[in-house]
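Working notes, structure below.
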Amino acid sequence: MSASGRTSRAAGPLARRRFLAGVAAGAAALTAGGCARGTSTSAQPGTTSISNDNATWDDGYRTAGRQLKKITGYSLRPLSNPSVTSYQQVVQMTLQTSKSSDLVKWASGYQLKRLARAGGLTDLGGVWKSYADKGWVRGASRDAFSYRGTVYGIPLYESYYVLFYSKPVFKKLGLTAPASWEELLHCAEVLKRNGITPFLASQVGGWPAIEWFQELVSKTDPHFYQRLVAGQASYTDEPARRAMDLWQDFMRKGWMTPPDFDQARGPGALKEGTLGMFLHGTWQAAGMAAAGMKPGTDYGAFLLPTVRPTTAKSVIAESGVFVVPSRASSHRAAVANVAAWLDPSVQRVWSDFLQDSSANPEVRSSNPVVAALQRDIARDHRLPLVRYWEASPPSLIQGNTDDLGGFMAGQTSPATTLRRMQERAHDEWAAWKRDEA
Amino acid sequence: MSTSLTSLTDRRPPSAAGGPTAPRRATPAGRSRHTVRERLVAGGFLAPSVVLVALFLLAPFVWTVYRSFFGDSRTSPFSWFDNYALFASDPALARSVQNTLLWVVGTVALPFVLGLAIACMTDAGRFSRLVRLCVVLPYALSGSAVAVVWNFMLTTDGAVNQVLTTLGLDSLAQGWLLTWPGNTLVMILANAWQATGVAVILFLVGLQSIPPETLEAGALDGASGWQQFRHIVLPQLRPVSIIVIGMSLVNGLKSFDLIWVLTQGGPGRATETLAVSMYNETFLELRPGAGAAIAVVLTVIVLAASWLYLRRQLDVKGV
């Protein structure tokens with residue numbers, strides 16, 4: 001024992017030193033590796049990197065990138081971070097460094113304005129003008145892509161908020177897509193009578209709480225919605241109160257799913273026939289396809305009718321944008337790619353991948369349901385409205401979204417919810433204007 | 001005995017202690033050089049840990065305290081204690097403090113009581129190993145995985161309500177995660193389901209270290225089972241209890257993952273704890289100053305609670 005003990009003690013320090021030296025060397029190597037520049041955002045010949053918060057779109061970027069390469073010589077190399085919150089942090093931090101990617105997917109409206117005012121974005125006014133001359137962008141939407149008159153974003157996609165519905169269920173119950181508010185109420189009553197929840201409404205993940213709010217307010221009075229999100233009207237005004245009362249009435253009648261119903265289950269519930277209608281962006285068409293539903297056969301879609309027949313028709317539109325960091329490692333290639341992004345040949349494959357409408361109004365969706373919606377929107381000259389999430393300063397939207405979630409869970413009455421939203425709007429608009437000044 | 005103790009505790013080389021065969025005594029200058037060298041070596045060994053703690057723990061904390069005194073507008077002006085005043089003016093933060101207190105009480109009381117009861121009941125017995133395994137197993141799961149499982153059970157159309165409906169108890173079915181304080185309470189229960197495992201392990205270790213003679217002596221003196229537990233077992237479990245309560249206290253104050261995955265602090269910020277509020281204010285509401293103030297308050301509470309509790313408990317017997 002003693003002998004072996006001595007032996008082990010004698011060998012101990014040497015073995016320990018060797019072990020410690022090994023650990024130190026390993027730590028040094030890891031530190032050096034960590035400090036070294038990663039290859040993910042560095043310049044790679046023939047490609048431009050694109051930061052993206054939706055990993056399911058990676059294949060679409062690659063496909064569109066192959067088409068872009070034919071025009072510009074540069075393909076797209078997606079770098080995905082599926083957590084939206086951490087994605088936003090990473091983008092905002094790296095934008096000021098040389099490690100930013102060449103292209104960044106971002107939201108339009110005030111989300112873009114907040115990013116742009118921190119500096120570090122490329123002026124894309126020339127690209128926009130070129131697109132506008134060709135008729136590849138809607139001139140009316142320029143403000144949603146600008147900050148202080150300068151364009152910083154190019155539309156990545158354009159989706160509309162619509163009600164998807166189950167065609168087999170509607171057919172079985174003798175219903176058709178409602179064209180008026182009364183017909184919508186009739187559909188909901190019939191569905192409920194037959195044990196089917198008429199509408200999906202959710203606050204899981206936070207942001208979905210805005211969907212019914214923006215729809216009901218804009219279908220009550222679209223011009224009021226515009227003034228409201230611009231800080232020129234009050235949340236306690238009559239149209240907002242009427243919209244919230246309608247919403248509460250729907251919930252009380254059991255026409256809506258519980259607020260903890262996950263939207264990811266929406267397509268499955270439509271397919272099973274347990275859900276009648278699903279309010280969501282037209283980008284959900286890809287989710288319908290993933291659930292094995294065929295457009296026009298298994299599902300259709302319509303725009304929520306206006307509450308009164310005389311109310312102006314409108315549509316809530318959501319636009320993602322591409323921005324180009326001014327310190328992008330392949331800056332010239334990145335600008336070339338955004339300048340060709342809305343080319344119809346690129347938009348054709350991109351729109352086909354998304355199963356959605358294109359940001360280029362000349363490109364028709366290959367999904368017949370979405371294409372029909374595009375035709376309706378153009379025919380009715382619907383007023384395009386910026387989605388609530390991008391329509392006001394981000395801090396205001398985030399807080400109001402929380403309040404709407406509380407309302408959906410029955411924590412607050414419509415009046416209390418609107419009063420809180422207005423109080424926040426007062427403070428946040430003042431803060432935004434102070435910052436701008 | 002004393003010699004062996006000295007040899008165990010004295011780290012100086014025996015030759016330096018003197019004696020007839022000891023070498024010549026070192027000169028004062030030589031001793032001083034020796035001491036300096038020893039200190040340098042000790043400092044060298046300490047340096048990596050000190051640098052890492054200073055760099056990754058203390059520096060960010062100091063920066064967080066500094067940031068908490070600045071506003072969240074674009075220019076971030078110095079704003080004194082405005083961010084701290086939010087605790088008085090923002091109802092969401094007031095609710096967050098309430099929830100944190102509920103979590104602390106829940107995460108201390110439930111794992112302690114359940115852990116002690118399960119450990120005592122499964123310390124000996126036929127199926128004790130199996131039962132113990134079942135209780136301890138959730139502890140091996142990550143907080144997020146536990147939250148996903150409980151989400152499947154607690155949503156309005158989830159497993160719990162389906163079982164209640166099947167049993168004809170429709171009136172009891174409800175949105176478990178939707179209304180306060182029920183949503184916070186069910187999340188505390190879910191947390192206890194997971195956290196009880198480690199308490200059981202610690203109490204079992206404590207139970208196995210109790211000398212059986214003490215129990216036999218108690219039995220010979222005619223002590224009943226409860227009396228043995230109350231007066232013999234429980235006092236000897238005190239060191240373990242201190243650890244279990246201390247750990248639960250800190251876990252309760254910093255609870256985040258389960259809440260974030262289950263409700264993200266919602267609906268309407270009703271289930272936020274201070275840790276969730278800190279994240280929410282900083283990264284979602286985009287108010288880093290307010291987030292920093294919450295972080296400072298939370299840190300002070302955790303440190304104060306731990307210090308007060310451990311100082312009181314550890315000083316008694318020098319455990």
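As shown in the structure tokens, the chain order sets the letters A, B, ...; within each chain, residues go from 1, and ligands are also counted from 1 in the order they appear.
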
Sorted per-residue table, chain B near chain A, closest atoms and distance, 9 Å, only C-alpha atoms, as a Markdown table:
```
| residue | atom | partner | partner_atom | distance |
| --- | --- | --- | --- | --- |
| B:Ser73 | CA | A:Asp435 | CA | 6.5 |
| B:Arg74 | CA | A:Asp435 | CA | 5.5 |
| B:Thr75 | CA | A:Asp435 | CA | 7.5 |
| B:Thr155 | CA | A:Asp260 | CA | 6.2 |
| B:Thr156 | CA | A:Pro258 | CA | 6.5 |
| B:Asp157 | CA | A:Phe261 | CA | 7.8 |
| B:Gly175 | CA | A:Pro258 | CA | 7.8 |
| B:Leu177 | CA | A:Asp260 | CA | 7.7 |
| B:Leu178 | CA | A:Ala409 | CA | 5.6 |
| B:Thr179 | CA | A:Ala409 | CA | 6.8 |
| B:Trp180 | CA | A:Gln411 | CA | 8.2 |
| B:Thr263 | CA | A:Val204 | CA | 7.6 |
| B:Gln264 | CA | A:Gly205 | CA | 7.2 |
| B:Gly266 | CA | A:Gly405 | CA | 7.2 |
| B:Pro267 | CA | A:Gly406 | CA | 4.9 |
| B:Gly268 | CA | A:Gly406 | CA | 3.8 |
| B:Arg269 | CA | A:Asp402 | CA | 6.4 |
| B:Ala270 | CA | A:Gly406 | CA | 7.7 |
| B:Phe283 | CA | A:Thr85 | CA | 7.0 |
| B:Leu284 | CA | A:Gln398 | CA | 6.9 |
| B:Glu285 | CA | A:Ser395 | CA | 5.2 |
| B:Leu286 | CA | A:Ser395 | CA | 6.5 |
| B:Arg287 | CA | A:Ser395 | CA | 8.3 |
```

Exercise for review: Could you pull out the residues in region 153-283 of chain A that DSSP calls alpha helix (DSSP H) from the backbone, as number ranges by chain?
Suggested key: A: 167-172, 181-193, 209-220, 222-229, 238-252, 266-272

**Study point:** Selection near Val127 (chain A), 12 Å with only C-alpha atoms, sequence-local residues under 2 positions removed, as JSON, numbers by chain
**Key:** {"A": [122, 123, 124, 125, 129, 130, 131, 132, 133, 134, 136, 137, 150, 151, 152, 153, 154, 155, 322, 323, 324, 334, 335, 336, 337, 338, 339, 340, 341, 342, 343]}

Selection file, N, CA and C atoms, as an mmCIF file, in the first residue's frame:
```
data_model
loop_
_atom_site.group_PDB
_atom_site.id
_atom_site.type_symbol
_atom_site.label_atom_id
_atom_site.label_comp_id
_atom_site.auth_asym_id
_atom_site.auth_seq_id
_atom_site.Cartn_x
_atom_site.Cartn_y
_atom_site.Cartn_z
ATOM 1 N N THR A 122 -27.405 50.468 -45.897
ATOM 2 C CA THR A 122 -27.107 51.061 -47.199
ATOM 3 C C THR A 122 -28.347 51.757 -47.768
ATOM 4 N N ASP A 123 -28.156 52.927 -48.332
ATOM 5 C CA ASP A 123 -29.239 53.647 -49.012
ATOM 6 C C ASP A 123 -29.570 52.893 -50.306
ATOM 7 N N LEU A 124 -30.817 52.400 -50.395
ATOM 8 C CA LEU A 124 -31.213 51.622 -51.575
ATOM 9 C C LEU A 124 -32.178 52.428 -52.459
ATOM 10 N N GLY A 125 -32.089 53.753 -52.369
ATOM 11 C CA GLY A 125 -32.985 54.615 -53.142
ATOM 12 C C GLY A 125 -32.877 54.379 -54.642
ATOM 13 N N LYS A 129 -35.894 53.166 -57.144
ATOM 14 C CA LYS A 129 -36.329 53.967 -58.288
ATOM 15 C C LYS A 129 -36.370 53.108 -59.547
ATOM 16 N N SER A 130 -35.338 52.283 -59.667
ATOM 17 C CA SER A 130 -35.287 51.397 -60.832
ATOM 18 C C SER A 130 -36.492 50.447 -60.850
ATOM 19 N N TYR A 131 -36.822 49.891 -59.677
ATOM 20 C CA TYR A 131 -37.987 49.005 -59.569
ATOM 21 C C TYR A 131 -39.280 49.767 -59.872
ATOM 22 N N ALA A 132 -39.384 50.985 -59.300
ATOM 23 C CA ALA A 132 -40.604 51.775 -59.484
ATOM 24 C C ALA A 132 -40.806 52.100 -60.962
ATOM 25 N N ASP A 133 -39.708 52.395 -61.671
ATOM 26 C CA ASP A 133 -39.799 52.702 -63.100
ATOM 27 C C ASP A 133 -40.324 51.503 -63.887
ATOM 28 N N LYS A 134 -39.941 50.316 -63.446
ATOM 29 C CA LYS A 134 -40.388 49.106 -64.155
ATOM 30 C C LYS A 134 -41.769 48.643 -63.698
ATOM 31 N N TRP A 136 -42.308 47.281 -60.707
ATOM 32 C CA TRP A 136 -42.109 46.049 -59.926
ATOM 33 C C TRP A 136 -42.337 46.248 -58.435
ATOM 34 N N VAL A 137 -42.595 47.488 -58.019
ATOM 35 C CA VAL A 137 -42.988 47.733 -56.621
ATOM 36 C C VAL A 137 -44.210 48.638 -56.619
ATOM 37 N N THR A 150 -35.320 58.278 -46.905
ATOM 38 C CA THR A 150 -34.349 57.433 -47.611
ATOM 39 C C THR A 150 -34.794 55.976 -47.553
ATOM 40 N N VAL A 151 -34.754 55.306 -48.714
ATOM 41 C CA VAL A 151 -35.164 53.901 -48.761
ATOM 42 C C VAL A 151 -34.013 53.024 -48.266
ATOM 43 N N TYR A 152 -34.331 52.173 -47.278
ATOM 44 C CA TYR A 152 -33.302 51.270 -46.740
ATOM 45 C C TYR A 152 -33.657 49.793 -46.948
ATOM 46 N N GLY A 153 -34.858 49.527 -47.449
ATOM 47 C CA GLY A 153 -35.259 48.130 -47.594
ATOM 48 C C GLY A 153 -35.915 47.869 -48.932
ATOM 49 N N ILE A 154 -35.756 46.641 -49.402
ATOM 50 C CA ILE A 154 -36.395 46.196 -50.647
ATOM 51 C C ILE A 154 -37.344 45.054 -50.270
ATOM 52 N N PRO A 155 -38.588 45.064 -50.774
ATOM 53 C CA PRO A 155 -39.554 44.043 -50.343
ATOM 54 C C PRO A 155 -39.054 42.625 -50.612
ATOM 55 N N PHE A 322 -35.445 43.100 -47.375
ATOM 56 C CA PHE A 322 -34.008 42.873 -47.407
ATOM 57 C C PHE A 322 -33.339 44.200 -47.085
ATOM 58 N N VAL A 323 -32.385 44.190 -46.165
ATOM 59 C CA VAL A 323 -31.542 45.372 -45.993
ATOM 60 C C VAL A 323 -30.103 44.954 -46.252
ATOM 61 N N VAL A 324 -29.274 45.920 -46.632
ATOM 62 C CA VAL A 324 -27.866 45.636 -46.914
ATOM 63 C C VAL A 324 -27.014 46.424 -45.915
ATOM 64 N N ALA A 334 -24.029 42.104 -52.743
ATOM 65 C CA ALA A 334 -25.311 42.176 -52.035
ATOM 66 C C ALA A 334 -26.245 43.185 -52.707
ATOM 67 N N VAL A 335 -25.716 44.355 -53.072
ATOM 68 C CA VAL A 335 -26.545 45.367 -53.741
ATOM 69 C C VAL A 335 -27.011 44.838 -55.106
ATOM 70 N N ALA A 336 -26.109 44.133 -55.803
ATOM 71 C CA ALA A 336 -26.498 43.561 -57.103
ATOM 72 C C ALA A 336 -27.656 42.580 -56.932
ATOM 73 N N ASN A 337 -27.598 41.788 -55.872
ATOM 74 C CA ASN A 337 -28.665 40.803 -55.663
ATOM 75 C C ASN A 337 -29.991 41.454 -55.271
ATOM 76 N N VAL A 338 -29.971 42.494 -54.430
ATOM 77 C CA VAL A 338 -31.257 43.138 -54.117
ATOM 78 C C VAL A 338 -31.800 43.870 -55.348
ATOM 79 N N ALA A 339 -30.885 44.317 -56.214
ATOM 80 C CA ALA A 339 -31.332 45.012 -57.426
ATOM 81 C C ALA A 339 -31.970 44.052 -58.428
ATOM 82 N N ALA A 340 -31.726 42.760 -58.253
ATOM 83 C CA ALA A 340 -32.322 41.772 -59.169
ATOM 84 C C ALA A 340 -33.391 40.924 -58.482
ATOM 85 N N TRP A 341 -33.585 41.144 -57.179
ATOM 86 C CA TRP A 341 -34.484 40.273 -56.407
ATOM 87 C C TRP A 341 -35.916 40.274 -56.948
ATOM 88 N N LEU A 342 -36.411 41.450 -57.347
ATOM 89 C CA LEU A 342 -37.804 41.527 -57.806
ATOM 90 C C LEU A 342 -37.944 41.240 -59.304
ATOM 91 N N ASP A 343 -36.862 40.808 -59.930
ATOM 92 C CA ASP A 343 -36.951 40.391 -61.331
ATOM 93 C C ASP A 343 -37.984 39.253 -61.434
#
```

**Study point:** Nearest-residue call for Asn280 (chain B), choices B:Leu202, B:Ala92, B:Ala304, B:Ala192, using only C-alpha atoms
**Key:**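 So, comparing all the options, the nearest one is B:Ala92.
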
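For Ala289 (chain A), the residues within 9 Å (counting only C-alpha atoms, excluding itself and residues fewer than 5 positions away along the chain) are Pro267, Gln284, Lys294, Pro295 and Gln355 of chain A.
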
Restricting it to N, CA and C atoms, dump the selection as a compact mmCIF listing (two decimals), in the first residue's frame.
```
# COMPACT_ATOMS: atom_id res chain seq x y z
N PRO A 267 -53.51 24.28 -39.52
CA PRO A 267 -53.78 23.49 -40.73
C PRO A 267 -54.32 22.09 -40.42
N GLN A 284 -49.20 31.27 -44.95
CA GLN A 284 -49.62 30.01 -44.33
C GLN A 284 -49.96 28.96 -45.40
N LYS A 294 -54.75 20.46 -50.45
CA LYS A 294 -54.61 21.01 -51.80
C LYS A 294 -55.40 22.31 -51.91
N PRO A 295 -54.78 23.36 -52.51
CA PRO A 295 -55.50 24.64 -52.65
C PRO A 295 -56.69 24.48 -53.59
N GLN A 355 -45.55 29.54 -52.06
CA GLN A 355 -46.98 29.35 -52.34
C GLN A 355 -47.75 30.63 -52.01
```

For Arg242 (chain A), list every protein, DNA or RNA residue within 10 Å, evaluated using only C-alpha atoms, and leave out those in the same chain fewer than 5 positions away; present the list as a PDB file with C-alpha atoms, in the first residue's frame.
```
ATOM      1  CA  LEU A 216     -61.729  43.919 -36.707  1.00  0.00           C
ATOM      2  CA  VAL A 217     -60.562  47.533 -36.380  1.00  0.00           C
ATOM      3  CA  THR A 220     -64.831  48.557 -38.918  1.00  0.00           C
ATOM      4  CA  THR A 236     -60.552  54.656 -26.766  1.00  0.00           C
ATOM      5  CA  ASP A 237     -62.349  56.080 -29.827  1.00  0.00           C
ATOM      6  CA  TRP A 247     -64.284  40.388 -30.606  1.00  0.00           C
ATOM      7  CA  GLN A 248     -65.563  39.805 -27.073  1.00  0.00           C
ATOM      8  CA  PRO A 414     -62.440  45.784 -23.650  1.00  0.00           C
TER       9      PRO A 414
END
```

Test item, strand (DSSP E or B) assignment across region 5-169 of chain A, answer as a compact mmCIF listing (two decimals) with C-alpha atoms, in the first residue's frame:
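Okay, states.txt is ready:
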```txt
# COMPACT_ATOMS: atom_id res chain seq x y z
CA THR A 47 -22.30 34.00 -53.14
CA THR A 48 -23.89 36.49 -50.77
CA SER A 49 -24.79 35.46 -47.24
CA ILE A 50 -28.30 36.19 -46.00
CA SER A 51 -29.34 36.27 -42.34
CA ASN A 52 -32.74 34.72 -41.89
CA SER A 75 -26.20 33.04 -55.40
CA LEU A 76 -27.69 33.20 -51.88
CA ARG A 77 -26.20 31.48 -48.86
CA PRO A 78 -28.79 31.44 -46.03
CA LEU A 79 -27.64 31.67 -42.39
CA SER A 80 -30.60 30.86 -40.17
CA LEU A 103 -28.14 40.65 -46.71
CA VAL A 104 -30.43 40.74 -43.72
CA LYS A 105 -34.09 39.78 -43.58
CA TRP A 106 -36.01 42.27 -41.49
CA ALA A 107 -39.51 43.64 -41.01
CA LEU A 121 -27.64 50.40 -43.50
CA SER A 146 -37.95 54.25 -45.71
CA TYR A 147 -36.60 56.23 -42.82
CA THR A 150 -34.35 57.43 -47.61
CA VAL A 151 -35.16 53.90 -48.76
CA ILE A 154 -36.39 46.20 -50.65
CA PRO A 155 -39.55 44.04 -50.34
CA LEU A 156 -38.70 40.43 -49.68
CA TYR A 157 -42.26 39.12 -49.86
CA GLU A 158 -45.78 40.46 -49.52
CA SER A 159 -48.53 38.58 -47.76
CA TYR A 160 -52.13 39.40 -46.96
CA TYR A 161 -54.16 38.55 -43.88
CA VAL A 162 -57.04 36.33 -44.93
CA LEU A 163 -59.36 33.68 -43.55
CA PHE A 164 -58.49 30.19 -44.71
CA TYR A 165 -61.44 27.83 -44.54
CA SER A 166 -62.07 24.14 -44.90
```

Point to revise | Residue nearest Ile245 (chain B) - candidates B:Val131, B:Val104, B:Val186, B:Ala140, atoms counted: only C-alpha atoms | key: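 Of the candidates, the smallest distance to Ile245 (chain B) is held by B:Val104.
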
Practice item. Using only C-alpha atoms, pick whichever of A:Lys219, A:Arg419, A:Lys172, A:Arg424 has the shortest atom-to-atom distance to Thr306 (chain A). Key: A:Lys219

Review point. At what distance in Å, to one decimal, does CA of Ala328 (chain A) lie from CA of Ala43 (chain A)?
Key: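 About the pair CA of Ala43 (chain A) and CA of Ala328 (chain A): they are 8.7 Å apart.
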
Review point. Can you tell me, as JSON, numbers by chain, what residues are no more than 8 Å from Ile210 (chain B) when counting only C-alpha atoms, ignoring any on the same chain fewer than 4 positions away?
Key: {"B": [206, 214, 233, 236]}

Exercise for review: Rounded to one decimal place, report the CA of Ser330 (chain A)-CA of Asp102 (chain A) distance in Å.
Suggested key: 5.9 Å

Review point. Which one of A:Ala24, A:Ile316, A:Ala179, A:Met244 sits closest to Ala415 (chain A) if you count only C-alpha atoms?
Key: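 Using only C-alpha atoms, Ala415 (chain A) sits closest to A:Met244.
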
Check your understanding: In Å, with one decimal, what is the gap from CA of Pro222 (chain A) to CA of Ala243 (chain A)?
Key ->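 So the answer is 11.6 Å.
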
Review point. Excluding same-chain residues fewer than 6 positions from Asn194 (chain A), what lies within 10 Å of it counting only C-alpha atoms, as a VMD selection string?
Key: chain A and resid 173 188 274

Next, dump the selected residues to file, keeping only C-alpha atoms, as a PDB file, in the first residue's frame.
```
ATOM      1  CA  LEU A 173     -72.812  22.176 -44.159  1.00  0.00           C
ATOM      2  CA  ALA A 188     -70.044  30.921 -37.632  1.00  0.00           C
ATOM      3  CA  THR A 274     -62.576  20.567 -36.009  1.00  0.00           C
TER       4      THR A 274
END
```
